[in-house]
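Text of model.cif (mmCIF, C-alpha atoms) as supplied:
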data_my_file
loop_
_atom_site.group_PDB
_atom_site.id
_atom_site.type_symbol
_atom_site.label_atom_id
_atom_site.label_comp_id
_atom_site.auth_asym_id
_atom_site.auth_seq_id
_atom_site.Cartn_x
_atom_site.Cartn_y
_atom_site.Cartn_z
ATOM 1 C CA MET Y 129 -46.108 23.134 33.007
ATOM 2 C CA MET Y 130 -49.454 21.723 31.962
ATOM 3 C CA ILE Y 131 -51.988 22.132 34.747
ATOM 4 C CA SER Y 132 -55.671 21.472 34.127
ATOM 5 C CA ALA Y 133 -57.342 23.079 37.090
ATOM 6 C CA SER Y 134 -60.857 23.045 38.503
ATOM 7 C CA ARG Y 135 -62.969 26.016 37.473
ATOM 8 C CA ARG Y 136 -63.766 26.626 41.122
ATOM 9 C CA PHE Y 137 -60.598 28.208 42.441
ATOM 10 C CA ASN Y 138 -61.333 27.447 46.081
ATOM 11 C CA GLU Y 139 -60.878 23.727 45.436
ATOM 12 C CA PRO Y 140 -57.394 22.155 45.549
ATOM 13 C CA CYS Y 141 -55.415 21.230 42.440
ATOM 14 C CA LEU Y 142 -54.597 17.555 42.937
ATOM 15 C CA VAL Y 143 -51.988 15.346 41.300
ATOM 16 C CA ASP Y 144 -51.867 11.538 41.387
ATOM 17 C CA VAL Y 145 -48.668 10.412 43.104
ATOM 18 C CA THR Y 146 -47.473 6.910 43.951
ATOM 19 C CA VAL Y 147 -45.370 6.912 47.118
ATOM 20 C CA GLU Y 148 -43.793 3.554 48.008
ATOM 21 C CA GLY Y 149 -46.576 1.816 46.083
ATOM 22 C CA VAL Y 150 -49.335 3.816 47.812
ATOM 23 C CA HIS Y 151 -51.517 6.063 45.648
ATOM 24 C CA LEU Y 152 -51.925 9.543 47.125
ATOM 25 C CA ASN Y 153 -53.764 12.619 45.903
ATOM 26 C CA MET Y 154 -51.405 15.489 46.696
ATOM 27 C CA GLU Y 155 -52.215 19.169 46.417
ATOM 28 C CA ILE Y 156 -49.862 21.242 44.296
ATOM 29 C CA ASP Y 157 -48.819 24.202 46.419
ATOM 30 C CA CYS Y 158 -46.529 26.746 44.751
ATOM 31 C CA GLY Y 159 -46.040 28.462 48.098
ATOM 32 C CA THR Y 160 -44.630 25.353 49.775
ATOM 33 C CA ALA Y 161 -40.894 24.859 49.369
ATOM 34 C CA VAL Y 162 -40.943 21.182 50.404
ATOM 35 C CA SER Y 163 -43.350 18.285 50.123
ATOM 36 C CA VAL Y 164 -45.000 17.333 53.410
ATOM 37 C CA ILE Y 165 -47.485 14.856 54.873
ATOM 38 C CA SER Y 166 -49.240 14.677 58.226
ATOM 39 C CA LEU Y 167 -48.187 12.356 61.012
ATOM 40 C CA SER Y 168 -51.472 10.470 60.644
ATOM 41 C CA THR Y 169 -50.761 9.795 56.946
ATOM 42 C CA TYR Y 170 -47.271 8.574 57.819
ATOM 43 C CA THR Y 171 -48.637 6.318 60.547
ATOM 44 C CA LYS Y 172 -51.299 4.895 58.234
ATOM 45 C CA TYR Y 173 -49.138 4.154 55.195
ATOM 46 C CA PHE Y 174 -45.430 4.525 55.883
ATOM 47 C CA LYS Y 175 -44.686 3.733 59.539
ATOM 48 C CA HIS Y 176 -42.498 0.840 58.389
ATOM 49 C CA ILE Y 177 -40.043 3.375 56.915
ATOM 50 C CA GLN Y 178 -37.403 4.642 59.310
ATOM 51 C CA THR Y 179 -37.488 8.403 59.911
ATOM 52 C CA THR Y 180 -34.459 10.644 60.201
ATOM 53 C CA ILE Y 181 -33.968 14.001 61.905
ATOM 54 C CA CYS Y 182 -35.007 17.012 59.856
ATOM 55 C CA ASN Y 183 -33.151 20.233 60.626
ATOM 56 C CA SER Y 184 -35.307 22.377 58.346
ATOM 57 C CA ARG Y 185 -37.337 25.213 59.843
ATOM 58 C CA LEU Y 186 -40.851 25.509 58.439
ATOM 59 C CA VAL Y 187 -43.187 28.400 59.126
ATOM 60 C CA VAL Y 188 -46.644 29.317 57.871
ATOM 61 C CA VAL Y 189 -47.549 32.673 56.336
ATOM 62 C CA ASN Y 190 -48.252 34.290 59.723
ATOM 63 C CA GLY Y 191 -44.781 33.335 60.986
ATOM 64 C CA GLN Y 192 -45.894 30.450 63.228
ATOM 65 C CA GLN Y 193 -43.337 27.651 63.262
ATOM 66 C CA LEU Y 194 -44.458 24.116 62.403
ATOM 67 C CA ASN Y 195 -43.456 21.102 64.437
ATOM 68 C CA ILE Y 196 -41.544 18.527 62.391
ATOM 69 C CA PHE Y 197 -41.733 14.859 63.340
ATOM 70 C CA GLY Y 198 -38.969 13.878 60.936
ATOM 71 C CA LYS Y 199 -38.361 13.043 57.313
ATOM 72 C CA VAL Y 200 -38.223 9.889 55.233
ATOM 73 C CA SER Y 201 -36.632 8.921 51.946
ATOM 74 C CA VAL Y 202 -39.309 7.468 49.683
ATOM 75 C CA ASN Y 203 -39.610 6.129 46.166
ATOM 76 C CA VAL Y 204 -42.054 8.359 44.261
ATOM 77 C CA LYS Y 205 -43.613 7.882 40.845
ATOM 78 C CA VAL Y 206 -45.298 10.761 39.017
ATOM 79 C CA ASN Y 207 -46.435 10.568 35.397
ATOM 80 C CA ASN Y 208 -44.179 7.588 34.612
ATOM 81 C CA MET Y 209 -41.181 9.296 36.226
ATOM 82 C CA GLN Y 210 -39.679 7.619 39.281
ATOM 83 C CA GLN Y 211 -37.229 9.119 41.784
ATOM 84 C CA GLN Y 212 -35.984 8.658 45.351
ATOM 85 C CA VAL Y 213 -36.862 11.865 47.182
ATOM 86 C CA SER Y 214 -37.272 13.151 50.716
ATOM 87 C CA LEU Y 215 -40.658 13.713 52.370
ATOM 88 C CA ILE Y 216 -41.149 15.745 55.545
ATOM 89 C CA ILE Y 217 -43.605 14.618 58.237
ATOM 90 C CA LEU Y 218 -45.361 17.303 60.265
ATOM 91 C CA ASP Y 219 -46.126 16.537 63.895
ATOM 92 C CA GLY Y 220 -49.668 17.382 64.954
ATOM 93 C CA ALA Y 221 -53.112 15.980 65.575
ATOM 94 C CA ARG Y 222 -54.691 17.594 62.523
ATOM 95 C CA SER Y 223 -54.676 15.676 59.258
ATOM 96 C CA PHE Y 224 -54.422 17.473 55.903
ATOM 97 C CA VAL Y 225 -54.090 16.770 52.206
ATOM 98 C CA PRO Y 226 -50.429 15.941 51.451
ATOM 99 C CA LEU Y 227 -48.668 18.885 49.833
ATOM 100 C CA PHE Y 228 -46.666 18.557 46.616
ATOM 101 C CA GLY Y 229 -43.973 21.202 47.106
ATOM 102 C CA ARG Y 230 -41.605 23.027 44.807
ATOM 103 C CA ASN Y 231 -38.728 20.629 45.488
ATOM 104 C CA TRP Y 232 -40.670 17.734 43.951
ATOM 105 C CA ARG Y 233 -41.790 19.873 41.031
ATOM 106 C CA GLU Y 234 -38.155 20.651 40.260
ATOM 107 C CA THR Y 235 -37.303 16.959 40.476
ATOM 108 C CA PHE Y 236 -40.106 15.575 38.319
ATOM 109 C CA GLY Y 237 -40.267 18.380 35.796
ATOM 110 C CA ASN Y 238 -43.139 18.648 33.279
ATOM 111 C CA PRO Y 239 -45.907 17.876 32.780
ATOM 112 C CA ILE Y 240 -47.882 17.498 35.961
ATOM 113 C CA VAL Y 241 -51.510 16.791 35.130
ATOM 114 C CA VAL Y 242 -53.925 17.885 37.804
ATOM 115 C CA ASN Y 243 -57.142 16.021 38.547
ATOM 116 C CA ILE Y 244 -60.319 17.757 37.407
ATOM 117 C CA VAL Y 245 -63.191 17.540 39.846
ATOM 118 C CA ARG Y 246 -66.007 15.684 38.071
ATOM 119 C CA LYS Y 247 -68.745 18.100 39.063
ATOM 120 C CA GLU Y 248 -66.862 20.822 37.201
ATOM 121 C CA VAL Y 249 -67.890 19.174 33.945
ATOM 122 C CA GLN Y 250 -71.451 20.078 34.822
ATOM 123 C CA GLN Y 251 -70.401 23.639 35.635
ATOM 124 C CA THR Y 252 -68.588 23.910 32.307
ATOM 125 C CA ASP Y 253 -71.734 22.775 30.526
ATOM 126 C CA LEU Y 254 -73.734 25.258 32.583
ATOM 127 C CA ALA Y 255 -71.374 28.060 31.572
ATOM 128 C CA GLY Y 256 -71.874 27.129 27.925
ATOM 129 C CA ASN Y 257 -75.642 27.146 28.373
ATOM 130 C CA VAL Y 258 -75.533 30.566 30.033
ATOM 131 C CA GLU Y 259 -73.519 31.992 27.137
ATOM 132 C CA SER Y 260 -75.888 30.476 24.566
ATOM 133 C CA ASN Y 261 -78.929 31.847 26.380
ATOM 134 C CA ILE Y 262 -77.405 35.330 26.524
ATOM 135 C CA ARG Y 263 -76.638 35.240 22.809
ATOM 136 C CA LEU Y 264 -80.213 34.210 22.051
ATOM 137 C CA GLN Y 265 -81.733 36.810 24.370
ATOM 138 C CA TYR Y 266 -79.510 39.711 23.246
ATOM 139 C CA PRO Y 267 -78.447 38.947 19.651
ATOM 140 C CA LYS Y 268 -77.681 42.585 18.785
ATOM 141 C CA ILE Y 269 -74.970 42.741 21.431
ATOM 142 C CA PHE Y 270 -72.862 40.186 19.585
ATOM 143 C CA ASP Y 271 -73.154 41.447 16.007
ATOM 144 C CA SER Y 272 -70.775 43.905 14.328
ATOM 145 C CA ASP Y 273 -73.433 46.355 13.145
ATOM 146 C CA PHE Y 274 -72.599 49.874 14.352
ATOM 147 C CA SER Y 275 -75.659 51.519 12.798
ATOM 148 C CA ASN Y 276 -77.423 51.639 16.180
ATOM 149 C CA PRO Y 277 -75.690 53.407 19.106
ATOM 150 C CA ILE Y 278 -75.812 52.439 22.772
ATOM 151 C CA ILE Y 279 -79.347 53.139 23.989
ATOM 152 C CA GLY Y 280 -80.003 55.684 26.724
ATOM 153 C CA PHE Y 281 -76.801 57.717 26.445
ATOM 154 C CA GLU Y 282 -75.897 60.899 24.571
ATOM 155 C CA ALA Y 283 -72.506 62.532 24.888
ATOM 156 C CA ASN Y 284 -72.193 66.303 24.872
ATOM 157 C CA LEU Y 285 -68.898 68.138 24.435
ATOM 158 C CA VAL Y 286 -68.493 71.360 26.414
ATOM 159 C CA LEU Y 287 -65.728 73.716 25.336
ATOM 160 C CA LYS Y 288 -64.115 76.652 27.115
ATOM 161 C CA ASP Y 289 -64.029 78.568 23.852
ATOM 162 C CA GLU Y 290 -66.053 77.726 20.743
ATOM 163 C CA ARG Y 291 -64.007 79.758 18.296
ATOM 164 C CA PRO Y 292 -63.330 77.245 15.464
ATOM 165 C CA VAL Y 293 -60.021 75.410 15.133
ATOM 166 C CA PHE Y 294 -59.167 74.062 11.674
ATOM 167 C CA ARG Y 295 -56.157 71.802 11.035
ATOM 168 C CA LYS Y 296 -54.941 70.394 7.733
ATOM 169 C CA ALA Y 297 -54.803 66.666 7.013
ATOM 170 C CA TYR Y 298 -51.570 64.841 7.792
ATOM 171 C CA GLU Y 299 -49.653 63.220 4.970
ATOM 172 C CA VAL Y 300 -49.937 59.444 4.657
ATOM 173 C CA PRO Y 301 -47.163 57.185 3.252
ATOM 174 C CA PHE Y 302 -47.902 56.367 -0.368
ATOM 175 C CA LYS Y 303 -47.737 52.594 0.152
ATOM 176 C CA ILE Y 304 -50.729 52.631 2.547
ATOM 177 C CA ARG Y 305 -52.815 55.361 0.874
ATOM 178 C CA GLU Y 306 -55.081 52.876 -0.880
ATOM 179 C CA LYS Y 307 -55.558 50.973 2.377
ATOM 180 C CA VAL Y 308 -56.481 54.206 4.191
ATOM 181 C CA ILE Y 309 -58.969 55.239 1.511
ATOM 182 C CA ALA Y 310 -60.529 51.768 1.581
ATOM 183 C CA HIS Y 311 -60.832 52.094 5.369
ATOM 184 C CA LEU Y 312 -62.573 55.457 4.995
ATOM 185 C CA ASP Y 313 -64.960 53.941 2.461
ATOM 186 C CA SER Y 314 -65.715 51.153 4.915
ATOM 187 C CA LEU Y 315 -66.437 53.623 7.729
ATOM 188 C CA GLU Y 316 -68.782 55.533 5.454
ATOM 189 C CA LYS Y 317 -70.638 52.370 4.446
ATOM 190 C CA GLN Y 318 -71.060 51.503 8.122
ATOM 191 C CA ASN Y 319 -72.583 54.944 8.697
ATOM 192 C CA ILE Y 320 -69.817 55.835 11.137
ATOM 193 C CA ILE Y 321 -68.693 58.886 9.152
ATOM 194 C CA THR Y 322 -70.471 61.088 6.601
ATOM 195 C CA PRO Y 323 -68.593 63.223 4.031
ATOM 196 C CA ILE Y 324 -69.253 66.980 4.100
ATOM 197 C CA GLN Y 325 -67.962 69.787 1.883
ATOM 198 C CA VAL Y 326 -67.273 72.613 4.322
ATOM 199 C CA SER Y 327 -66.592 72.979 8.019
ATOM 200 C CA GLU Y 328 -65.159 75.568 10.385
ATOM 201 C CA TRP Y 329 -63.776 72.827 12.598
ATOM 202 C CA ALA Y 330 -61.357 70.078 11.554
ATOM 203 C CA SER Y 331 -58.842 67.766 13.199
ATOM 204 C CA PRO Y 332 -56.251 65.653 11.382
ATOM 205 C CA VAL Y 333 -56.144 61.878 11.688
ATOM 206 C CA VAL Y 334 -53.213 59.635 12.544
ATOM 207 C CA ILE Y 335 -52.887 56.265 10.813
ATOM 208 C CA VAL Y 336 -51.604 53.340 12.861
ATOM 209 C CA LEU Y 337 -51.011 49.868 11.452
ATOM 210 C CA LYS Y 338 -52.172 47.066 13.742
ATOM 211 C CA LYS Y 339 -50.238 43.838 14.239
ATOM 212 C CA ASP Y 340 -52.477 42.149 11.689
ATOM 213 C CA ASN Y 341 -51.602 44.917 9.167
ATOM 214 C CA GLU Y 342 -55.097 46.406 9.375
ATOM 215 C CA ILE Y 343 -55.770 50.127 9.773
ATOM 216 C CA ARG Y 344 -56.464 51.932 13.021
ATOM 217 C CA MET Y 345 -57.436 55.536 12.394
ATOM 218 C CA VAL Y 346 -57.450 57.962 15.317
ATOM 219 C CA ILE Y 347 -58.188 61.671 15.580
ATOM 220 C CA ASP Y 348 -55.323 63.859 16.681
ATOM 221 C CA CYS Y 349 -57.338 66.132 18.959
ATOM 222 C CA ARG Y 350 -54.190 67.296 20.733
ATOM 223 C CA VAL Y 351 -53.829 70.007 18.088
ATOM 224 C CA SER Y 352 -57.479 71.024 18.174
ATOM 225 C CA ILE Y 353 -60.301 70.527 20.676
ATOM 226 C CA ASN Y 354 -58.274 68.869 23.420
ATOM 227 C CA LYS Y 355 -56.972 72.322 24.293
ATOM 228 C CA LEU Y 356 -60.492 73.677 24.639
ATOM 229 C CA ILE Y 357 -62.606 70.882 26.063
ATOM 230 C CA ILE Y 358 -63.831 70.881 29.658
ATOM 231 C CA LEU Y 359 -63.241 67.364 30.919
ATOM 232 C CA ASP Y 360 -65.860 65.426 32.817
ATOM 233 C CA THR Y 361 -64.649 64.379 36.239
ATOM 234 C CA TYR Y 362 -65.842 61.245 37.970
ATOM 235 C CA PRO Y 363 -64.637 59.851 41.312
ATOM 236 C CA LEU Y 364 -63.097 56.463 40.628
ATOM 237 C CA PRO Y 365 -64.036 53.797 43.216
ATOM 238 C CA LEU Y 366 -61.375 52.348 45.477
ATOM 239 C CA ALA Y 367 -60.106 48.861 44.692
ATOM 240 C CA GLN Y 368 -61.197 47.525 48.087
ATOM 241 C CA ASP Y 369 -64.729 48.807 47.490
ATOM 242 C CA ILE Y 370 -64.863 47.033 44.120
ATOM 243 C CA PHE Y 371 -63.630 43.761 45.629
ATOM 244 C CA ALA Y 372 -66.119 44.060 48.490
ATOM 245 C CA SER Y 373 -68.956 44.478 45.992
ATOM 246 C CA LEU Y 374 -67.971 41.144 44.398
ATOM 247 C CA SER Y 375 -68.499 39.241 47.639
ATOM 248 C CA GLY Y 376 -70.835 36.305 47.122
ATOM 249 C CA CYS Y 377 -70.749 36.548 43.323
ATOM 250 C CA LYS Y 378 -70.346 33.313 41.367
ATOM 251 C CA TRP Y 379 -70.356 34.299 37.704
ATOM 252 C CA PHE Y 380 -67.895 36.715 36.134
ATOM 253 C CA CYS Y 381 -67.219 37.754 32.555
ATOM 254 C CA CYS Y 382 -64.953 40.068 30.607
ATOM 255 C CA LEU Y 383 -66.549 42.067 27.780
ATOM 256 C CA ASP Y 384 -64.513 43.751 25.069
ATOM 257 C CA LEU Y 385 -66.607 46.284 23.142
ATOM 258 C CA ALA Y 386 -65.747 46.364 19.428
ATOM 259 C CA GLY Y 387 -65.266 49.973 18.364
ATOM 260 C CA ALA Y 388 -66.445 51.160 21.767
ATOM 261 C CA TYR Y 389 -66.386 54.892 20.974
ATOM 262 C CA THR Y 390 -68.224 54.387 17.682
ATOM 263 C CA GLN Y 391 -71.146 52.996 19.654
ATOM 264 C CA LEU Y 392 -71.734 56.203 21.621
ATOM 265 C CA GLN Y 393 -74.269 58.751 20.443
ATOM 266 C CA LEU Y 394 -73.105 62.360 20.167
ATOM 267 C CA SER Y 395 -75.401 65.364 20.601
ATOM 268 C CA GLU Y 396 -76.242 67.379 17.486
ATOM 269 C CA ARG Y 397 -74.424 70.514 18.676
ATOM 270 C CA SER Y 398 -71.273 68.530 19.447
ATOM 271 C CA LYS Y 399 -70.899 66.884 16.037
ATOM 272 C CA ARG Y 400 -69.356 69.961 14.464
ATOM 273 C CA PHE Y 401 -66.425 69.822 16.910
ATOM 274 C CA VAL Y 402 -65.227 66.388 15.810
ATOM 275 C CA VAL Y 403 -64.891 66.811 12.073
ATOM 276 C CA ILE Y 404 -61.836 65.064 10.628
ATOM 277 C CA ASN Y 405 -59.562 66.127 7.785
ATOM 278 C CA THR Y 406 -58.417 63.197 5.614
ATOM 279 C CA ILE Y 407 -56.575 62.393 2.361
ATOM 280 C CA ARG Y 408 -59.736 61.138 0.692
ATOM 281 C CA ASP Y 409 -59.372 61.508 -3.096
ATOM 282 C CA TYR Y 410 -55.804 62.676 -2.426
ATOM 283 C CA ILE Y 411 -56.959 66.100 -1.261
ATOM 284 C CA PRO Y 412 -57.994 67.131 2.256
ATOM 285 C CA THR Y 413 -61.627 66.217 2.617
ATOM 286 C CA ILE Y 414 -63.874 66.684 5.605
ATOM 287 C CA ALA Y 415 -65.836 63.856 7.156
ATOM 288 C CA TYR Y 416 -68.475 64.618 9.745
ATOM 289 C CA LEU Y 417 -68.011 62.162 12.585
ATOM 290 C CA LYS Y 418 -71.275 60.877 13.962
ATOM 291 C CA GLY Y 419 -69.845 60.261 17.306
ATOM 292 C CA LEU Y 420 -68.157 61.254 20.475
ATOM 293 C CA HIS Y 421 -65.080 62.427 22.132
ATOM 294 C CA PRO Y 422 -61.701 63.940 21.457
ATOM 295 C CA ALA Y 423 -60.115 60.792 22.851
ATOM 296 C CA LEU Y 424 -58.393 59.545 19.707
ATOM 297 C CA GLN Y 425 -61.169 57.357 18.326
ATOM 298 C CA PHE Y 426 -64.157 57.461 16.033
ATOM 299 C CA PHE Y 427 -67.543 58.050 17.534
ATOM 300 C CA LYS Y 428 -71.164 57.414 16.693
ATOM 301 C CA LYS Y 429 -74.288 59.299 15.743
#

Any chance you could give the structure as structure tokens?
Amino acid sequence: MMISASRRFNEPCLVDVTVEGVHLNMEIDCGTAVSVISLSTYTKYFKHIQTTICNSRLVVVNGQQLNIFGKVSVNVKVNNMQQQVSLIILDGARSFVPLFGRNWRETFGNPIVVNIVRKEVQQTDLAGNVESNIRLQYPKIFDSDFSNPIIGFEANLVLKDERPVFRKAYEVPFKIREKVIAHLDSLEKQNIITPIQVSEWASPVVIVLKKDNEIRMVIDCRVSINKLIILDTYPLPLAQDIFASLSGCKWFCCLDLAGAYTQLQLSERSKRFVVINTIRDYIPTIAYLKGLHPALQFFKK
């Protein structure tokens, strides 16, 4: 179903409906099983249509039962589709926006195009301006240069036992060897890894092909420092506390850090723990990772 909704989620999603020749803006409500109107709307537009008894039982989310005045059979037109359908009238003094329920959605099928509140166009433009301003103010955040780590943070690995662990490189299928070597060359050019000749520590790498057939190279620290590292512990906040902290907020964004671990600076003493053993030049070669973590990724100087 095609629904173009307002960016402000507290505003209703409205659809243009013609009921017995009368144009109504009805709110699409996925939680409402039937389409309903208020008694005042019926009296204003459709009192000439004879009502019939409705034996349905309608309740709101808290279990309170709604009073039903009756129902009518009306001719409805939505997006050039026209059908004779039933419409329930709720008895009560309060008027409300007519609700377009699931029964009508099943009848009229797709698409249902929802009205877009005009002022949202301005908000969309404002969102674009905010993004542009951020890009101008912080250009380095949006480039793909990993030569500079995240400022103000240095990771330090603490081990239970610092007796060296050395593991041989894993074999790589012949058909992707050239791709793996090219990937290693690329990492070296980006200053993410630096070749070294000798090391007491070494972990093998696992090669994973992404969906786009590109290389993802991860360190298999399960056979090396994962057994020795002392993990940092941090109390995770409760979900309700996070939601409470968002109260009153208007702007939200989702950031995906490219090569997140490669952007973290590793302390000098910790670098020797995260050496990798690779097939470079078809023999096991050591590369000194300039980064962090035994968590199956590359890290940064």

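Here atom CA of Asn354 of chain Y stands at a distance of 28.8 Å from atom CA of Phe302 of chain Y.
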
| said: When you count all atoms listed in the file, which of these residues is closest to Asn231 of chain Y: Y:Val162, Y:Leu315, Y:Val150, Y:Val300? | reply: Y:Val162

| query | Between atom CA of Arg222 of chain Y and atom CA of Gly191 of chain Y, what is the distance, to one decimal in Å? | reply | 18.7 Å

| task | List the neighbours of segment 287-289 of chain Y out to 9 Å using all atoms listed in the file; skip same-chain residues closer than 2 positions along the sequence, and give me the result as a list in words. | result | Leu285, Arg291, Pro292, Ile353, Lys355, Leu356, Ile357, Ile358 and Leu359 of chain Y

| task | Find the distance between atom CA of Arg344 of chain Y and atom CA of Gly280 of chain Y and write it in Å to one decimal. | result |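 Computing it gives 27.5 Å between the two atoms.
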
Can you spell out as a short mmCIF file (atom, residue, chain, number, x, y, z; two decimals) with C-alpha atoms, in the frame of the given file the set of residues that the PyMOL selection byres ((chain Y and resi 277) around 6) selects in the structure I just provided?
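Generated output (out_30.cif):
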data_model
loop_
_atom_site.label_atom_id
_atom_site.label_comp_id
_atom_site.auth_asym_id
_atom_site.auth_seq_id
_atom_site.Cartn_x
_atom_site.Cartn_y
_atom_site.Cartn_z
CA ASN Y 276 -77.42 51.64 16.18
CA ILE Y 278 -75.81 52.44 22.77
CA GLN Y 391 -71.15 53.00 19.65
CA LEU Y 392 -71.73 56.20 21.62
CA GLN Y 393 -74.27 58.75 20.44
#
